[in-house]
Amino acid sequence: MHTVMIVDDAAFMRTIIKDIVCEIGCRVVAEATNGEEAVSMYKRTRPDLVTMDITMPLMDGVTALRKIRAIDPKAKVIMCSAMSHQPMVIEALSLGAKDFIAKPVQKERVQVAILKLLEQN
């Protein structure tokens, strides 16, 4: 069973993504509310995939992505954010994010993105 970490400062968004992830047979091993928690939890849980919000308190998603990729260059991270953050999305993709999902998230789009990434080695 594949493992996923969900990073978002909004509890309702973590719940929505968790339901979507569990529906395709993945297990959520960690939830983080900011980038600092995400980096710390990534070190402990080493999930197969991370969904990462961009705008969060303490440490934004782009900075957290950079730190996680420094720990694990093969980390699979999907950025999730409103389209209004386009420059940060472009930066995240250049730093190694594997995909971008616009909020509000659509279940099928999230599932397709996750399954596609998990099939890759």
# chains A, B, ... in the order shown; residues from 1 in each chain; ligands from 1

call {"tool": "residues_around", "arguments": {"residues": "A:Glu119", "least_positions_apart": "3", "cutoff": "12 Å", "atoms": "only C-alpha atoms", "output": "PyMOL selection string"}}
result
chain A and resi 2+48-49+76+112-116

call {"tool": "write_last_selection", "arguments": {"atoms": "all heavy atoms", "output": "mmCIF file, in the first residue's frame"}}
result
data_model
loop_
_atom_site.group_PDB
_atom_site.id
_atom_site.type_symbol
_atom_site.label_atom_id
_atom_site.label_comp_id
_atom_site.auth_asym_id
_atom_site.auth_seq_id
_atom_site.Cartn_x
_atom_site.Cartn_y
_atom_site.Cartn_z
ATOM 1 N N HIS A 2 0.610 2.149 -0.909
ATOM 2 C CA HIS A 2 1.386 3.383 -1.004
ATOM 3 C C HIS A 2 1.032 4.337 0.131
ATOM 4 O O HIS A 2 -0.104 4.373 0.600
ATOM 5 C CB HIS A 2 1.128 4.085 -2.347
ATOM 6 C CG HIS A 2 1.707 3.355 -3.512
ATOM 7 N ND1 HIS A 2 3.055 3.270 -3.739
ATOM 8 C CD2 HIS A 2 1.112 2.658 -4.510
ATOM 9 C CE1 HIS A 2 3.274 2.565 -4.839
ATOM 10 N NE2 HIS A 2 2.102 2.177 -5.320
ATOM 11 N N ASP A 48 5.577 7.796 0.180
ATOM 12 C CA ASP A 48 5.790 7.600 -1.256
ATOM 13 C C ASP A 48 5.455 8.860 -2.045
ATOM 14 O O ASP A 48 5.989 9.072 -3.129
ATOM 15 C CB ASP A 48 4.915 6.451 -1.774
ATOM 16 C CG ASP A 48 5.277 5.126 -1.127
ATOM 17 O OD1 ASP A 48 6.484 4.834 -0.994
ATOM 18 O OD2 ASP A 48 4.352 4.380 -0.761
ATOM 19 N N LEU A 49 4.557 9.699 -1.480
ATOM 20 C CA LEU A 49 4.109 10.892 -2.185
ATOM 21 C C LEU A 49 3.649 11.944 -1.175
ATOM 22 O O LEU A 49 3.161 11.604 -0.104
ATOM 23 C CB LEU A 49 2.941 10.528 -3.117
ATOM 24 C CG LEU A 49 2.436 11.645 -4.018
ATOM 25 C CD1 LEU A 49 2.268 11.127 -5.435
ATOM 26 C CD2 LEU A 49 1.118 12.171 -3.510
ATOM 27 N N LYS A 76 8.508 12.576 -4.320
ATOM 28 C CA LYS A 76 7.415 12.871 -5.250
ATOM 29 C C LYS A 76 6.452 13.825 -4.546
ATOM 30 O O LYS A 76 5.764 13.433 -3.596
ATOM 31 C CB LYS A 76 6.709 11.581 -5.666
ATOM 32 C CG LYS A 76 7.606 10.665 -6.468
ATOM 33 C CD LYS A 76 6.907 9.370 -6.837
ATOM 34 C CE LYS A 76 7.842 8.484 -7.646
ATOM 35 N NZ LYS A 76 7.220 7.195 -7.980
ATOM 36 N N VAL A 112 -5.936 10.897 -10.517
ATOM 37 C CA VAL A 112 -5.135 10.607 -11.716
ATOM 38 C C VAL A 112 -3.681 11.025 -11.495
ATOM 39 O O VAL A 112 -2.744 10.285 -11.810
ATOM 40 C CB VAL A 112 -5.736 11.295 -12.963
ATOM 41 C CG1 VAL A 112 -4.766 11.286 -14.132
ATOM 42 C CG2 VAL A 112 -7.050 10.638 -13.350
ATOM 43 N N ALA A 113 -3.478 12.211 -10.930
ATOM 44 C CA ALA A 113 -2.112 12.701 -10.687
ATOM 45 C C ALA A 113 -1.353 11.792 -9.722
ATOM 46 O O ALA A 113 -0.191 11.448 -9.960
ATOM 47 C CB ALA A 113 -2.161 14.127 -10.137
ATOM 48 N N ILE A 114 -2.017 11.382 -8.653
ATOM 49 C CA ILE A 114 -1.364 10.523 -7.658
ATOM 50 C C ILE A 114 -1.036 9.154 -8.258
ATOM 51 O O ILE A 114 0.093 8.671 -8.126
ATOM 52 C CB ILE A 114 -2.244 10.393 -6.398
ATOM 53 C CG1 ILE A 114 -2.242 11.723 -5.629
ATOM 54 C CG2 ILE A 114 -1.769 9.253 -5.505
ATOM 55 C CD1 ILE A 114 -3.223 11.792 -4.478
ATOM 56 N N LEU A 115 -2.001 8.548 -8.901
ATOM 57 C CA LEU A 115 -1.771 7.208 -9.467
ATOM 58 C C LEU A 115 -0.671 7.241 -10.525
ATOM 59 O O LEU A 115 0.168 6.338 -10.583
ATOM 60 C CB LEU A 115 -3.078 6.656 -10.047
ATOM 61 C CG LEU A 115 -4.128 6.273 -8.996
ATOM 62 C CD1 LEU A 115 -5.458 5.948 -9.656
ATOM 63 C CD2 LEU A 115 -3.646 5.133 -8.124
ATOM 64 N N LYS A 116 -0.647 8.271 -11.340
ATOM 65 C CA LYS A 116 0.393 8.404 -12.377
ATOM 66 C C LYS A 116 1.787 8.476 -11.739
ATOM 67 O O LYS A 116 2.714 7.796 -12.180
ATOM 68 C CB LYS A 116 0.116 9.653 -13.205
ATOM 69 C CG LYS A 116 1.117 9.915 -14.307
ATOM 70 C CD LYS A 116 0.750 11.178 -15.060
ATOM 71 C CE LYS A 116 1.949 11.739 -15.779
ATOM 72 N NZ LYS A 116 1.723 13.091 -16.260
#

call {"tool": "residues_around", "arguments": {"residues": "stretch 53-67 of chain A", "least_positions_apart": "3", "cutoff": "7 Å", "atoms": "only C-alpha atoms", "output": "tab-separated table (two decimals) with N, CA, C and O atoms, in the first residue's frame"}}
result
chain	number	residue	atom	x	y	z
A	7	VAL	N	-0.05	18.02	3.23
A	7	VAL	CA	0.41	19.25	3.86
A	7	VAL	C	-0.50	20.41	3.43
A	7	VAL	O	-0.53	20.77	2.25
A	8	ASP	N	-1.25	20.95	4.38
A	8	ASP	CA	-2.14	22.08	4.11
A	8	ASP	C	-2.52	22.70	5.44
A	8	ASP	O	-2.78	21.97	6.40
A	9	ASP	N	-2.53	24.03	5.50
A	9	ASP	CA	-2.88	24.68	6.77
A	9	ASP	C	-4.38	24.64	7.05
A	9	ASP	O	-4.80	24.89	8.17
A	34	ASN	N	1.96	23.09	8.22
A	34	ASN	CA	2.87	24.11	7.69
A	34	ASN	C	4.14	23.42	7.17
A	34	ASN	O	4.34	22.22	7.37
A	35	GLY	N	4.98	24.19	6.51
A	35	GLY	CA	6.17	23.63	5.90
A	35	GLY	C	7.17	23.05	6.89
A	35	GLY	O	7.81	22.04	6.61
A	36	GLU	N	7.30	23.69	8.05
A	36	GLU	CA	8.23	23.16	9.06
A	36	GLU	C	7.82	21.76	9.50
A	36	GLU	O	8.65	20.86	9.60
A	38	ALA	N	6.00	19.73	7.83
A	38	ALA	CA	6.13	18.85	6.67
A	38	ALA	C	7.54	18.28	6.56
A	38	ALA	O	7.72	17.08	6.35
A	39	VAL	N	8.54	19.13	6.69
A	39	VAL	CA	9.94	18.68	6.58
A	39	VAL	C	10.26	17.68	7.69
A	39	VAL	O	10.83	16.61	7.45
A	70	ALA	N	16.06	18.26	-0.80
A	70	ALA	CA	17.45	18.19	-0.34
A	70	ALA	C	17.67	16.92	0.49
A	70	ALA	O	18.73	16.30	0.42
A	71	ILE	N	16.66	16.53	1.25
A	71	ILE	CA	16.72	15.31	2.05
A	71	ILE	C	16.63	14.09	1.15
A	71	ILE	O	17.34	13.11	1.31
A	79	MET	N	2.15	19.84	-5.86
A	79	MET	CA	1.77	21.13	-5.27
A	79	MET	C	0.27	21.36	-5.50
A	79	MET	O	-0.25	21.04	-6.57
A	80	CYS	N	-0.39	21.91	-4.48
A	80	CYS	CA	-1.82	22.21	-4.56
A	80	CYS	C	-2.02	23.65	-4.11
A	80	CYS	O	-1.64	24.00	-2.99
A	81	SER	N	-2.59	24.47	-4.98
A	81	SER	CA	-2.79	25.86	-4.60
A	81	SER	C	-3.74	26.54	-5.57
A	81	SER	O	-4.06	25.99	-6.63
A	92	ALA	N	8.07	26.11	-7.99
A	92	ALA	CA	7.98	24.77	-7.40
A	92	ALA	C	8.27	23.70	-8.44
A	92	ALA	O	8.99	22.73	-8.17
A	95	LEU	N	11.84	23.40	-9.12
A	95	LEU	CA	12.57	22.81	-8.00
A	95	LEU	C	12.32	21.30	-7.87
A	95	LEU	O	12.87	20.66	-6.99

call {"tool": "select_by_dssp", "arguments": {"residues": "stretch 17-121 of chain A", "states": "alpha helix (DSSP H)", "output": "MDAnalysis selection string"}}
result
chainID A and resid 17:23 35:45 61:71 86:94 107:119

call {"tool": "closest_residue", "arguments": {"among": "A:Arg27, A:Arg14, A:Arg46, A:Lys98", "to": "A:Gln120", "atoms": "only C-alpha atoms"}}
result
A:Lys98

call {"tool": "select_by_dssp", "arguments": {"residues": "chain A", "states": "strand (DSSP E or B)", "output": "ChimeraX atom specification"}}
result
/A:3-7,27-32,49-53,77-81,99-102
